[in-house]
$ cat structure_37.txt   # compact mmCIF, N, CA and C atoms
# COMPACT_ATOMS: atom_id res chain seq x y z
N MET A 354 -44.61 -38.27 -73.01
CA MET A 354 -43.49 -38.12 -72.11
C MET A 354 -43.47 -39.32 -71.16
N ALA A 355 -42.33 -39.92 -70.99
CA ALA A 355 -42.19 -41.10 -70.15
C ALA A 355 -42.11 -40.70 -68.67
N TYR A 356 -42.67 -41.54 -67.82
CA TYR A 356 -42.58 -41.35 -66.38
C TYR A 356 -42.60 -42.71 -65.71
N ASP A 357 -42.22 -42.74 -64.45
CA ASP A 357 -42.17 -43.97 -63.67
C ASP A 357 -43.58 -44.59 -63.60
N PRO A 358 -43.77 -45.81 -64.10
CA PRO A 358 -45.10 -46.42 -64.10
C PRO A 358 -45.65 -46.67 -62.70
N GLU A 359 -44.78 -46.65 -61.68
CA GLU A 359 -45.26 -46.80 -60.29
C GLU A 359 -46.18 -45.65 -59.89
N ILE A 360 -46.06 -44.52 -60.56
CA ILE A 360 -46.88 -43.35 -60.22
C ILE A 360 -48.36 -43.65 -60.44
N ASP A 361 -48.69 -44.41 -61.48
CA ASP A 361 -50.10 -44.74 -61.75
C ASP A 361 -50.73 -45.48 -60.56
N GLY A 362 -50.08 -46.51 -60.08
CA GLY A 362 -50.58 -47.25 -58.92
C GLY A 362 -50.61 -46.41 -57.67
N PHE A 363 -49.61 -45.55 -57.53
CA PHE A 363 -49.55 -44.67 -56.37
C PHE A 363 -50.77 -43.75 -56.34
N ILE A 364 -51.11 -43.15 -57.48
CA ILE A 364 -52.27 -42.26 -57.55
C ILE A 364 -53.55 -43.04 -57.23
N THR A 365 -53.68 -44.25 -57.74
CA THR A 365 -54.84 -45.07 -57.41
C THR A 365 -54.95 -45.27 -55.90
N ASN A 366 -53.82 -45.53 -55.24
CA ASN A 366 -53.83 -45.68 -53.78
C ASN A 366 -54.23 -44.39 -53.08
N VAL A 367 -53.73 -43.26 -53.54
CA VAL A 367 -54.11 -41.97 -52.94
C VAL A 367 -55.63 -41.81 -52.98
N VAL A 368 -56.23 -42.08 -54.13
CA VAL A 368 -57.68 -41.94 -54.29
C VAL A 368 -58.43 -42.96 -53.44
N GLN A 369 -58.03 -44.22 -53.51
CA GLN A 369 -58.73 -45.28 -52.79
C GLN A 369 -58.62 -45.11 -51.27
N PHE A 370 -57.41 -44.93 -50.78
CA PHE A 370 -57.21 -44.83 -49.33
C PHE A 370 -57.93 -43.60 -48.77
N GLY A 371 -57.80 -42.47 -49.44
CA GLY A 371 -58.46 -41.26 -48.97
C GLY A 371 -59.97 -41.37 -49.01
N SER A 372 -60.50 -41.92 -50.10
CA SER A 372 -61.95 -42.03 -50.26
C SER A 372 -62.58 -42.95 -49.22
N HIS A 373 -61.79 -43.86 -48.67
CA HIS A 373 -62.30 -44.81 -47.67
C HIS A 373 -61.76 -44.51 -46.27
N TYR A 374 -61.17 -43.32 -46.09
CA TYR A 374 -60.70 -42.84 -44.77
C TYR A 374 -59.72 -43.81 -44.12
N ARG A 375 -58.86 -44.41 -44.91
CA ARG A 375 -57.88 -45.37 -44.40
C ARG A 375 -56.64 -44.60 -43.94
N ILE A 376 -56.75 -43.99 -42.77
CA ILE A 376 -55.74 -43.07 -42.27
C ILE A 376 -54.36 -43.70 -42.16
N GLU A 377 -54.27 -44.90 -41.61
CA GLU A 377 -52.95 -45.54 -41.47
C GLU A 377 -52.28 -45.72 -42.83
N ASP A 378 -53.06 -46.08 -43.84
CA ASP A 378 -52.51 -46.21 -45.19
C ASP A 378 -52.18 -44.84 -45.78
N MET A 379 -53.03 -43.84 -45.51
CA MET A 379 -52.80 -42.49 -46.02
C MET A 379 -51.49 -41.91 -45.47
N GLU A 380 -51.19 -42.21 -44.22
CA GLU A 380 -49.98 -41.67 -43.57
C GLU A 380 -48.72 -41.96 -44.40
N ARG A 381 -48.68 -43.11 -45.04
CA ARG A 381 -47.51 -43.51 -45.85
C ARG A 381 -47.40 -42.75 -47.16
N LEU A 382 -48.50 -42.15 -47.60
CA LEU A 382 -48.56 -41.55 -48.93
C LEU A 382 -48.17 -40.08 -48.99
N TYR A 383 -48.07 -39.44 -47.82
CA TYR A 383 -47.85 -37.99 -47.79
C TYR A 383 -46.56 -37.66 -47.03
N THR A 384 -45.79 -36.72 -47.57
CA THR A 384 -44.58 -36.28 -46.89
C THR A 384 -44.97 -35.55 -45.60
N ALA A 385 -44.04 -35.45 -44.67
CA ALA A 385 -44.30 -34.78 -43.39
C ALA A 385 -44.63 -33.31 -43.59
N ASP A 386 -44.12 -32.69 -44.64
CA ASP A 386 -44.34 -31.25 -44.88
C ASP A 386 -45.44 -30.98 -45.91
N GLN A 387 -46.23 -31.98 -46.25
CA GLN A 387 -47.28 -31.84 -47.27
C GLN A 387 -48.35 -30.84 -46.82
N SER A 388 -48.89 -30.11 -47.78
CA SER A 388 -50.02 -29.22 -47.53
C SER A 388 -50.88 -29.16 -48.79
N ILE A 389 -52.10 -28.67 -48.61
CA ILE A 389 -53.03 -28.53 -49.73
C ILE A 389 -53.37 -27.05 -49.88
N LEU A 390 -53.37 -26.57 -51.11
CA LEU A 390 -53.78 -25.21 -51.42
C LEU A 390 -55.14 -25.28 -52.11
N PHE A 391 -56.10 -24.49 -51.62
CA PHE A 391 -57.43 -24.41 -52.21
C PHE A 391 -57.59 -23.03 -52.83
N VAL A 392 -57.82 -22.97 -54.14
CA VAL A 392 -57.99 -21.71 -54.84
C VAL A 392 -59.49 -21.44 -54.95
N ALA A 393 -59.93 -20.31 -54.38
CA ALA A 393 -61.34 -19.95 -54.37
C ALA A 393 -61.70 -19.08 -55.57
N ALA A 394 -62.99 -18.94 -55.82
CA ALA A 394 -63.46 -18.15 -56.95
C ALA A 394 -63.03 -16.69 -56.85
N ASP A 395 -62.86 -16.18 -55.63
CA ASP A 395 -62.45 -14.78 -55.45
C ASP A 395 -60.94 -14.60 -55.53
N GLN A 396 -60.25 -15.64 -55.99
CA GLN A 396 -58.81 -15.66 -56.22
C GLN A 396 -57.99 -15.67 -54.94
N THR A 397 -58.61 -16.02 -53.83
CA THR A 397 -57.85 -16.21 -52.60
C THR A 397 -57.39 -17.65 -52.54
N VAL A 398 -56.33 -17.87 -51.80
CA VAL A 398 -55.77 -19.21 -51.65
C VAL A 398 -55.73 -19.54 -50.16
N ALA A 399 -56.35 -20.65 -49.81
CA ALA A 399 -56.31 -21.14 -48.43
C ALA A 399 -55.37 -22.33 -48.38
N ARG A 400 -54.59 -22.41 -47.32
CA ARG A 400 -53.63 -23.50 -47.15
C ARG A 400 -54.06 -24.37 -45.98
N ALA A 401 -54.10 -25.67 -46.22
CA ALA A 401 -54.40 -26.63 -45.16
C ALA A 401 -53.17 -27.52 -44.97
N PRO A 402 -52.58 -27.51 -43.77
CA PRO A 402 -51.42 -28.39 -43.54
C PRO A 402 -51.84 -29.85 -43.45
N ARG A 403 -50.88 -30.71 -43.56
CA ARG A 403 -51.10 -32.16 -43.53
C ARG A 403 -51.93 -32.58 -42.32
N GLU A 404 -51.61 -32.04 -41.15
CA GLU A 404 -52.30 -32.41 -39.92
C GLU A 404 -53.80 -32.13 -40.02
N ALA A 405 -54.17 -30.99 -40.58
CA ALA A 405 -55.59 -30.64 -40.71
C ALA A 405 -56.29 -31.58 -41.70
N MET A 406 -55.63 -31.90 -42.79
CA MET A 406 -56.21 -32.81 -43.78
C MET A 406 -56.42 -34.19 -43.17
N MET A 407 -55.41 -34.71 -42.49
CA MET A 407 -55.52 -36.04 -41.88
C MET A 407 -56.62 -36.03 -40.81
N ALA A 408 -56.70 -34.96 -40.02
CA ALA A 408 -57.72 -34.87 -38.97
C ALA A 408 -59.12 -34.89 -39.58
N GLU A 409 -59.31 -34.21 -40.68
CA GLU A 409 -60.63 -34.18 -41.33
C GLU A 409 -61.02 -35.57 -41.83
N PHE A 410 -60.10 -36.25 -42.48
CA PHE A 410 -60.40 -37.59 -42.98
C PHE A 410 -60.63 -38.56 -41.82
N ALA A 411 -59.85 -38.45 -40.75
CA ALA A 411 -60.03 -39.31 -39.58
C ALA A 411 -61.39 -39.07 -38.94
N ALA A 412 -61.80 -37.81 -38.84
CA ALA A 412 -63.10 -37.47 -38.24
C ALA A 412 -64.24 -38.04 -39.06
N ARG A 413 -64.14 -37.96 -40.37
CA ARG A 413 -65.18 -38.53 -41.23
C ARG A 413 -65.28 -40.04 -41.05
N GLY A 414 -64.13 -40.70 -41.01
CA GLY A 414 -64.13 -42.14 -40.80
C GLY A 414 -64.70 -42.52 -39.44
N ALA A 415 -64.28 -41.80 -38.39
CA ALA A 415 -64.75 -42.09 -37.04
C ALA A 415 -66.25 -41.85 -36.90
N ALA A 416 -66.78 -40.89 -37.66
CA ALA A 416 -68.21 -40.58 -37.61
C ALA A 416 -69.04 -41.57 -38.42
N GLY A 417 -68.38 -42.45 -39.16
CA GLY A 417 -69.10 -43.42 -39.97
C GLY A 417 -69.61 -42.86 -41.28
N ASP A 418 -69.01 -41.76 -41.74
CA ASP A 418 -69.41 -41.18 -43.03
C ASP A 418 -69.25 -42.21 -44.15
N ALA A 419 -70.14 -42.14 -45.11
CA ALA A 419 -70.04 -43.01 -46.29
C ALA A 419 -68.75 -42.67 -47.03
N PRO A 420 -68.14 -43.65 -47.69
CA PRO A 420 -66.93 -43.38 -48.46
C PRO A 420 -67.20 -42.31 -49.53
N LEU A 421 -66.16 -41.60 -49.86
CA LEU A 421 -66.22 -40.64 -50.96
C LEU A 421 -66.19 -41.40 -52.28
N SER A 422 -66.65 -40.76 -53.33
CA SER A 422 -66.54 -41.34 -54.65
C SER A 422 -65.06 -41.46 -55.03
N THR A 423 -64.73 -42.48 -55.76
CA THR A 423 -63.35 -42.63 -56.25
C THR A 423 -63.22 -42.16 -57.70
N GLU A 424 -64.24 -41.46 -58.18
CA GLU A 424 -64.21 -41.00 -59.57
C GLU A 424 -63.03 -40.06 -59.79
N HIS A 425 -62.19 -40.44 -60.73
CA HIS A 425 -61.06 -39.59 -61.09
C HIS A 425 -60.54 -40.00 -62.46
N LYS A 426 -59.80 -39.10 -63.05
CA LYS A 426 -59.14 -39.37 -64.31
C LYS A 426 -57.80 -38.64 -64.28
N VAL A 427 -56.74 -39.38 -64.52
CA VAL A 427 -55.42 -38.77 -64.60
C VAL A 427 -55.31 -38.11 -65.98
N LEU A 428 -55.13 -36.80 -65.98
CA LEU A 428 -55.05 -36.07 -67.24
C LEU A 428 -53.61 -35.94 -67.76
N HIS A 429 -52.66 -35.90 -66.83
CA HIS A 429 -51.27 -35.69 -67.25
C HIS A 429 -50.35 -36.03 -66.09
N ILE A 430 -49.23 -36.63 -66.41
CA ILE A 430 -48.16 -36.87 -65.44
C ILE A 430 -46.86 -36.45 -66.10
N GLU A 431 -46.10 -35.69 -65.38
CA GLU A 431 -44.80 -35.23 -65.88
C GLU A 431 -43.77 -35.44 -64.78
N GLN A 432 -42.68 -36.12 -65.10
CA GLN A 432 -41.65 -36.43 -64.12
C GLN A 432 -40.35 -35.76 -64.50
N GLN A 433 -39.67 -35.23 -63.45
CA GLN A 433 -38.34 -34.68 -63.61
C GLN A 433 -37.50 -35.24 -62.47
N GLY A 434 -36.80 -36.31 -62.74
CA GLY A 434 -36.00 -36.95 -61.71
C GLY A 434 -36.86 -37.51 -60.60
N ASP A 435 -36.58 -37.08 -59.36
CA ASP A 435 -37.32 -37.57 -58.20
C ASP A 435 -38.55 -36.71 -57.89
N HIS A 436 -38.95 -35.88 -58.82
CA HIS A 436 -40.13 -35.04 -58.66
C HIS A 436 -41.07 -35.29 -59.84
N ALA A 437 -42.36 -35.23 -59.55
CA ALA A 437 -43.34 -35.41 -60.62
C ALA A 437 -44.57 -34.57 -60.28
N THR A 438 -45.30 -34.21 -61.31
CA THR A 438 -46.56 -33.50 -61.17
C THR A 438 -47.62 -34.29 -61.89
N ALA A 439 -48.74 -34.51 -61.20
CA ALA A 439 -49.87 -35.20 -61.81
C ALA A 439 -51.08 -34.27 -61.76
N ILE A 440 -51.80 -34.18 -62.87
CA ILE A 440 -53.02 -33.39 -62.95
C ILE A 440 -54.19 -34.37 -63.03
N LEU A 441 -55.13 -34.23 -62.10
CA LEU A 441 -56.27 -35.15 -62.04
C LEU A 441 -57.59 -34.39 -62.11
N TYR A 442 -58.54 -34.97 -62.82
CA TYR A 442 -59.95 -34.60 -62.69
C TYR A 442 -60.43 -35.45 -61.53
N ARG A 443 -61.15 -34.85 -60.58
CA ARG A 443 -61.57 -35.62 -59.40
C ARG A 443 -62.95 -35.16 -58.95
N ARG A 444 -63.85 -36.11 -58.75
CA ARG A 444 -65.17 -35.81 -58.20
C ARG A 444 -65.34 -36.72 -56.99
N MET A 445 -65.53 -36.11 -55.82
CA MET A 445 -65.63 -36.88 -54.58
C MET A 445 -67.06 -37.26 -54.23
N SER A 446 -68.02 -36.68 -54.94
CA SER A 446 -69.43 -37.01 -54.72
C SER A 446 -70.21 -36.66 -55.97
N PRO A 447 -71.20 -37.50 -56.34
CA PRO A 447 -72.02 -37.15 -57.51
C PRO A 447 -72.86 -35.90 -57.27
N ASN A 448 -72.97 -35.49 -56.00
CA ASN A 448 -73.75 -34.30 -55.64
C ASN A 448 -72.88 -33.07 -55.42
N HIS A 449 -71.62 -33.18 -55.72
CA HIS A 449 -70.67 -32.09 -55.48
C HIS A 449 -69.90 -31.84 -56.78
N PRO A 450 -69.60 -30.58 -57.09
CA PRO A 450 -68.88 -30.32 -58.35
C PRO A 450 -67.49 -30.95 -58.36
N PRO A 451 -67.00 -31.26 -59.55
CA PRO A 451 -65.64 -31.82 -59.65
C PRO A 451 -64.59 -30.74 -59.42
N ALA A 452 -63.36 -31.18 -59.29
CA ALA A 452 -62.24 -30.26 -59.11
C ALA A 452 -61.05 -30.78 -59.89
N MET A 453 -60.12 -29.87 -60.15
CA MET A 453 -58.84 -30.25 -60.74
C MET A 453 -57.85 -30.31 -59.58
N TYR A 454 -57.16 -31.43 -59.49
CA TYR A 454 -56.13 -31.60 -58.46
C TYR A 454 -54.78 -31.64 -59.14
N GLU A 455 -53.87 -30.84 -58.65
CA GLU A 455 -52.47 -30.94 -59.05
C GLU A 455 -51.76 -31.60 -57.88
N LEU A 456 -51.20 -32.77 -58.10
CA LEU A 456 -50.43 -33.46 -57.08
C LEU A 456 -48.95 -33.25 -57.37
N ARG A 457 -48.24 -32.70 -56.40
CA ARG A 457 -46.80 -32.54 -56.52
C ARG A 457 -46.17 -33.71 -55.77
N LEU A 458 -45.51 -34.57 -56.52
CA LEU A 458 -44.98 -35.81 -55.97
C LEU A 458 -43.47 -35.75 -55.81
N ARG A 459 -42.99 -36.46 -54.81
CA ARG A 459 -41.55 -36.54 -54.56
C ARG A 459 -41.22 -37.99 -54.24
N LYS A 460 -40.18 -38.50 -54.88
CA LYS A 460 -39.76 -39.88 -54.60
C LYS A 460 -38.80 -39.86 -53.42
N GLU A 461 -39.23 -40.52 -52.35
CA GLU A 461 -38.44 -40.64 -51.13
C GLU A 461 -37.94 -42.07 -51.01
N GLN A 462 -37.24 -42.40 -49.93
CA GLN A 462 -36.74 -43.76 -49.74
C GLN A 462 -37.88 -44.77 -49.71
N VAL A 463 -39.04 -44.38 -49.21
CA VAL A 463 -40.19 -45.29 -49.11
C VAL A 463 -40.97 -45.38 -50.42
N GLY A 464 -40.60 -44.58 -51.41
CA GLY A 464 -41.31 -44.55 -52.70
C GLY A 464 -41.93 -43.19 -52.93
N TRP A 465 -42.86 -43.12 -53.85
CA TRP A 465 -43.50 -41.86 -54.19
C TRP A 465 -44.38 -41.39 -53.03
N GLN A 466 -44.38 -40.09 -52.81
CA GLN A 466 -45.24 -39.48 -51.80
C GLN A 466 -45.78 -38.16 -52.34
N VAL A 467 -46.93 -37.76 -51.82
CA VAL A 467 -47.50 -36.46 -52.17
C VAL A 467 -46.83 -35.42 -51.29
N ALA A 468 -46.16 -34.46 -51.91
CA ALA A 468 -45.50 -33.38 -51.17
C ALA A 468 -46.39 -32.14 -51.11
N GLY A 469 -47.34 -32.03 -52.04
CA GLY A 469 -48.24 -30.89 -52.05
C GLY A 469 -49.37 -31.12 -53.04
N GLU A 470 -50.46 -30.41 -52.83
CA GLU A 470 -51.61 -30.48 -53.72
C GLU A 470 -52.16 -29.07 -53.92
N THR A 471 -52.73 -28.85 -55.08
CA THR A 471 -53.49 -27.64 -55.33
C THR A 471 -54.84 -28.09 -55.87
N VAL A 472 -55.92 -27.54 -55.31
CA VAL A 472 -57.28 -27.90 -55.70
C VAL A 472 -57.96 -26.66 -56.26
N ILE A 473 -58.50 -26.81 -57.48
CA ILE A 473 -59.18 -25.71 -58.17
C ILE A 473 -60.50 -26.24 -58.71
N ALA A 474 -61.55 -25.45 -58.60
CA ALA A 474 -62.83 -25.86 -59.18
C ALA A 474 -62.61 -26.22 -60.64
N TRP A 475 -63.32 -27.26 -61.10
CA TRP A 475 -63.13 -27.73 -62.47
C TRP A 475 -63.46 -26.61 -63.45
N PRO A 476 -62.57 -26.36 -64.38
CA PRO A 476 -62.82 -25.28 -65.35
C PRO A 476 -64.06 -25.55 -66.21
N ARG A 477 -64.76 -24.48 -66.50
CA ARG A 477 -65.90 -24.57 -67.42
C ARG A 477 -65.32 -24.74 -68.82
N ALA A 478 -65.85 -25.70 -69.55
CA ALA A 478 -65.33 -26.00 -70.89
C ALA A 478 -65.35 -24.77 -71.79
N GLU A 479 -66.37 -23.93 -71.66
CA GLU A 479 -66.46 -22.76 -72.53
C GLU A 479 -65.38 -21.72 -72.24
N ASP A 480 -64.69 -21.84 -71.09
CA ASP A 480 -63.62 -20.92 -70.75
C ASP A 480 -62.24 -21.45 -71.15
N ALA A 481 -62.17 -22.69 -71.56
CA ALA A 481 -60.89 -23.32 -71.85
C ALA A 481 -60.41 -22.93 -73.24
N GLU A 482 -59.62 -21.89 -73.29
CA GLU A 482 -59.02 -21.45 -74.55
C GLU A 482 -57.54 -21.20 -74.29
N ASP A 483 -56.92 -20.54 -75.19
CA ASP A 483 -55.51 -20.21 -75.04
C ASP A 483 -55.35 -19.31 -73.81
N PHE A 484 -54.26 -19.49 -73.07
CA PHE A 484 -54.04 -18.67 -71.88
C PHE A 484 -53.66 -17.24 -72.23
N LEU A 485 -53.23 -17.01 -73.46
CA LEU A 485 -52.91 -15.65 -73.91
C LEU A 485 -54.07 -15.08 -74.71
N PRO A 486 -54.37 -13.81 -74.54
CA PRO A 486 -55.41 -13.22 -75.40
C PRO A 486 -54.88 -13.12 -76.83
N PRO A 487 -55.78 -12.94 -77.80
CA PRO A 487 -55.32 -12.80 -79.19
C PRO A 487 -54.36 -11.62 -79.33
N ARG A 488 -53.47 -11.70 -80.32
CA ARG A 488 -52.55 -10.60 -80.61
C ARG A 488 -53.31 -9.38 -81.09
N GLY A 489 -52.77 -8.23 -80.78
CA GLY A 489 -53.42 -6.97 -81.18
C GLY A 489 -53.34 -6.72 -82.68
N ARG A 490 -52.33 -7.26 -83.31
CA ARG A 490 -52.15 -7.01 -84.74
C ARG A 490 -51.67 -8.23 -85.44
$ encode --input "structure_37.txt" --output "structure tokens"
Amino acid sequence: MAYDPEIDGFITNVVQFGSHYRIEDMERLYTADQSILFVAADQTVARAPREAMMAEFAARGAAGDAPLSTEHKVLHIEQQGDHATAILYRRMSPNHPPAMYELRLRKEQVGWQVAGETVIAWPRAEDAEDFLPPRGR
């Protein structure tokens, strides 16, 4: 499926700027109404607004925290007009489990921006089968 090739570079910037706590650069990458959804093992969903996410990254940078890992792999990008969804494998530390990130992108006047994210623990390979159970007959 074809999509705007600018999305590839945009995703690289999201990973690079965030991993190095480059808040001024990050500000350009996210819509004003952006939020992140975290899906927990107990099936609860926590929502973090843009302000909380930016504050956390700013605090890490101000504290002198080491950069996060930039390890990621884009698994899929699908575009529908000025909206796109990107699915990423992402590991922010070799000592921390990976996660699947769904980035919901929106093309604004300034270019592509992240309008929302969903973060889910990386699926166990042995659980990755068809989403429907087998037919009864």
$ closest_residue --input "structure_37.txt" --among "A:Ala416, A:Glu380, A:Lys460, A:Ala394" --to "A:Ala437" --atoms "only N, CA and C atoms"
A:Lys460
$ select_by_dssp --input "structure_37.txt" --residues "stretch 355-452 of chain A" --states "strand (DSSP E or B)" --output "tab-separated table (two decimals) with N, CA and C atoms, keeping the file's coordinate frame"
chain	number	residue	atom	x	y	z
A	383	TYR	N	-48.07	-39.44	-47.82
A	383	TYR	CA	-47.85	-37.99	-47.79
A	383	TYR	C	-46.56	-37.66	-47.03
A	384	THR	N	-45.79	-36.72	-47.57
A	384	THR	CA	-44.58	-36.28	-46.89
A	384	THR	C	-44.97	-35.55	-45.60
A	385	ALA	N	-44.04	-35.45	-44.67
A	385	ALA	CA	-44.30	-34.78	-43.39
A	385	ALA	C	-44.63	-33.31	-43.59
A	386	ASP	N	-44.12	-32.69	-44.64
A	386	ASP	CA	-44.34	-31.25	-44.88
A	386	ASP	C	-45.44	-30.98	-45.91
A	387	GLN	N	-46.23	-31.98	-46.25
A	387	GLN	CA	-47.28	-31.84	-47.27
A	387	GLN	C	-48.35	-30.84	-46.82
A	388	SER	N	-48.89	-30.11	-47.78
A	388	SER	CA	-50.02	-29.22	-47.53
A	388	SER	C	-50.88	-29.16	-48.79
A	389	ILE	N	-52.10	-28.67	-48.61
A	389	ILE	CA	-53.03	-28.53	-49.73
A	389	ILE	C	-53.37	-27.05	-49.88
A	390	LEU	N	-53.37	-26.57	-51.11
A	390	LEU	CA	-53.78	-25.21	-51.42
A	390	LEU	C	-55.14	-25.28	-52.11
A	391	PHE	N	-56.10	-24.49	-51.62
A	391	PHE	CA	-57.43	-24.41	-52.21
A	391	PHE	C	-57.59	-23.03	-52.83
A	392	VAL	N	-57.82	-22.97	-54.14
A	392	VAL	CA	-57.99	-21.71	-54.84
A	392	VAL	C	-59.49	-21.44	-54.95
A	398	VAL	N	-56.33	-17.87	-51.80
A	398	VAL	CA	-55.77	-19.21	-51.65
A	398	VAL	C	-55.73	-19.54	-50.16
A	399	ALA	N	-56.35	-20.65	-49.81
A	399	ALA	CA	-56.31	-21.14	-48.43
A	399	ALA	C	-55.37	-22.33	-48.38
A	400	ARG	N	-54.59	-22.41	-47.32
A	400	ARG	CA	-53.63	-23.50	-47.15
A	400	ARG	C	-54.06	-24.37	-45.98
A	401	ALA	N	-54.10	-25.67	-46.22
A	401	ALA	CA	-54.40	-26.63	-45.16
A	401	ALA	C	-53.17	-27.52	-44.97
A	402	PRO	N	-52.58	-27.51	-43.77
A	402	PRO	CA	-51.42	-28.39	-43.54
A	402	PRO	C	-51.84	-29.85	-43.45
A	425	HIS	N	-62.19	-40.44	-60.73
A	425	HIS	CA	-61.06	-39.59	-61.09
A	425	HIS	C	-60.54	-40.00	-62.46
A	426	LYS	N	-59.80	-39.10	-63.05
A	426	LYS	CA	-59.14	-39.37	-64.31
A	426	LYS	C	-57.80	-38.64	-64.28
A	427	VAL	N	-56.74	-39.38	-64.52
A	427	VAL	CA	-55.42	-38.77	-64.60
A	427	VAL	C	-55.31	-38.11	-65.98
A	428	LEU	N	-55.13	-36.80	-65.98
A	428	LEU	CA	-55.05	-36.07	-67.24
A	428	LEU	C	-53.61	-35.94	-67.76
A	429	HIS	N	-52.66	-35.90	-66.83
A	429	HIS	CA	-51.27	-35.69	-67.25
A	429	HIS	C	-50.35	-36.03	-66.09
A	430	ILE	N	-49.23	-36.63	-66.41
A	430	ILE	CA	-48.16	-36.87	-65.44
A	430	ILE	C	-46.86	-36.45	-66.10
A	431	GLU	N	-46.10	-35.69	-65.38
A	431	GLU	CA	-44.80	-35.23	-65.88
A	431	GLU	C	-43.77	-35.44	-64.78
A	432	GLN	N	-42.68	-36.12	-65.10
A	432	GLN	CA	-41.65	-36.43	-64.12
A	432	GLN	C	-40.35	-35.76	-64.50
A	433	GLN	N	-39.67	-35.23	-63.45
A	433	GLN	CA	-38.34	-34.68	-63.61
A	433	GLN	C	-37.50	-35.24	-62.47
A	436	HIS	N	-38.95	-35.88	-58.82
A	436	HIS	CA	-40.13	-35.04	-58.66
A	436	HIS	C	-41.07	-35.29	-59.84
A	437	ALA	N	-42.36	-35.23	-59.55
A	437	ALA	CA	-43.34	-35.41	-60.62
A	437	ALA	C	-44.57	-34.57	-60.28
A	438	THR	N	-45.30	-34.21	-61.31
A	438	THR	CA	-46.56	-33.50	-61.17
A	438	THR	C	-47.62	-34.29	-61.89
A	439	ALA	N	-48.74	-34.51	-61.20
A	439	ALA	CA	-49.87	-35.20	-61.81
A	439	ALA	C	-51.08	-34.27	-61.76
A	440	ILE	N	-51.80	-34.18	-62.87
A	440	ILE	CA	-53.02	-33.39	-62.95
A	440	ILE	C	-54.19	-34.37	-63.03
A	441	LEU	N	-55.13	-34.23	-62.10
A	441	LEU	CA	-56.27	-35.15	-62.04
A	441	LEU	C	-57.59	-34.39	-62.11
A	442	TYR	N	-58.54	-34.97	-62.82
A	442	TYR	CA	-59.95	-34.60	-62.69
A	442	TYR	C	-60.43	-35.45	-61.53
A	443	ARG	N	-61.15	-34.85	-60.58
A	443	ARG	CA	-61.57	-35.62	-59.40
A	443	ARG	C	-62.95	-35.16	-58.95
A	452	ALA	N	-63.36	-31.18	-59.29
A	452	ALA	CA	-62.24	-30.26	-59.11
A	452	ALA	C	-61.05	-30.78	-59.89
$ residues_around --input "structure_37.txt" --residues "stretch 462-469 of chain A" --least-positions-apart "2" --cutoff "6 Å" --atoms "only C-alpha atoms" --output "PyMOL selection string"
chain A and resi 382-384+387-389+457-460
$ closest_atom_pairs --input "structure_37.txt" --of "stretch 386-413 of chain A" --to "stretch 356-375 of chain A" --cutoff "7 Å" --atoms "only N, CA and C atoms" --output "CSV"
residue,atom,partner,partner_atom,distance
A:Phe410,C,A:Tyr374,CA,5.2
A:Ala411,N,A:Tyr374,CA,6.0
A:Arg413,C,A:Tyr374,CA,6.5
$ closest_residue --input "structure_37.txt" --among "A:Glu377, A:Gly417, A:Thr471, A:Met407" --to "A:Thr438" --atoms "only C-alpha atoms"
A:Thr471
$ atom_distance --input "structure_37.txt" --atom1 "atom N of A:Glu424" --atom2 "atom CA of A:Asp386"
26.0 Å
$ residues_near_point --input "structure_37.txt" --point "(-50.4, -37.3, -69.0)" --cutoff "8 Å" --atoms "all atoms listed in the file" --output "MDAnalysis selection string"
chainID A and resid 354 427:431 439:440
$ select_by_dssp --input "structure_37.txt" --residues "chain A" --states "helix (DSSP H, G or I)" --output "number ranges by chain"
A: 359-372, 376-380, 403-415, 478-480
$ atom_distance --input "structure_37.txt" --atom1 "atom N of A:Gly434" --atom2 "atom N of A:Ala399"
28.2 Å
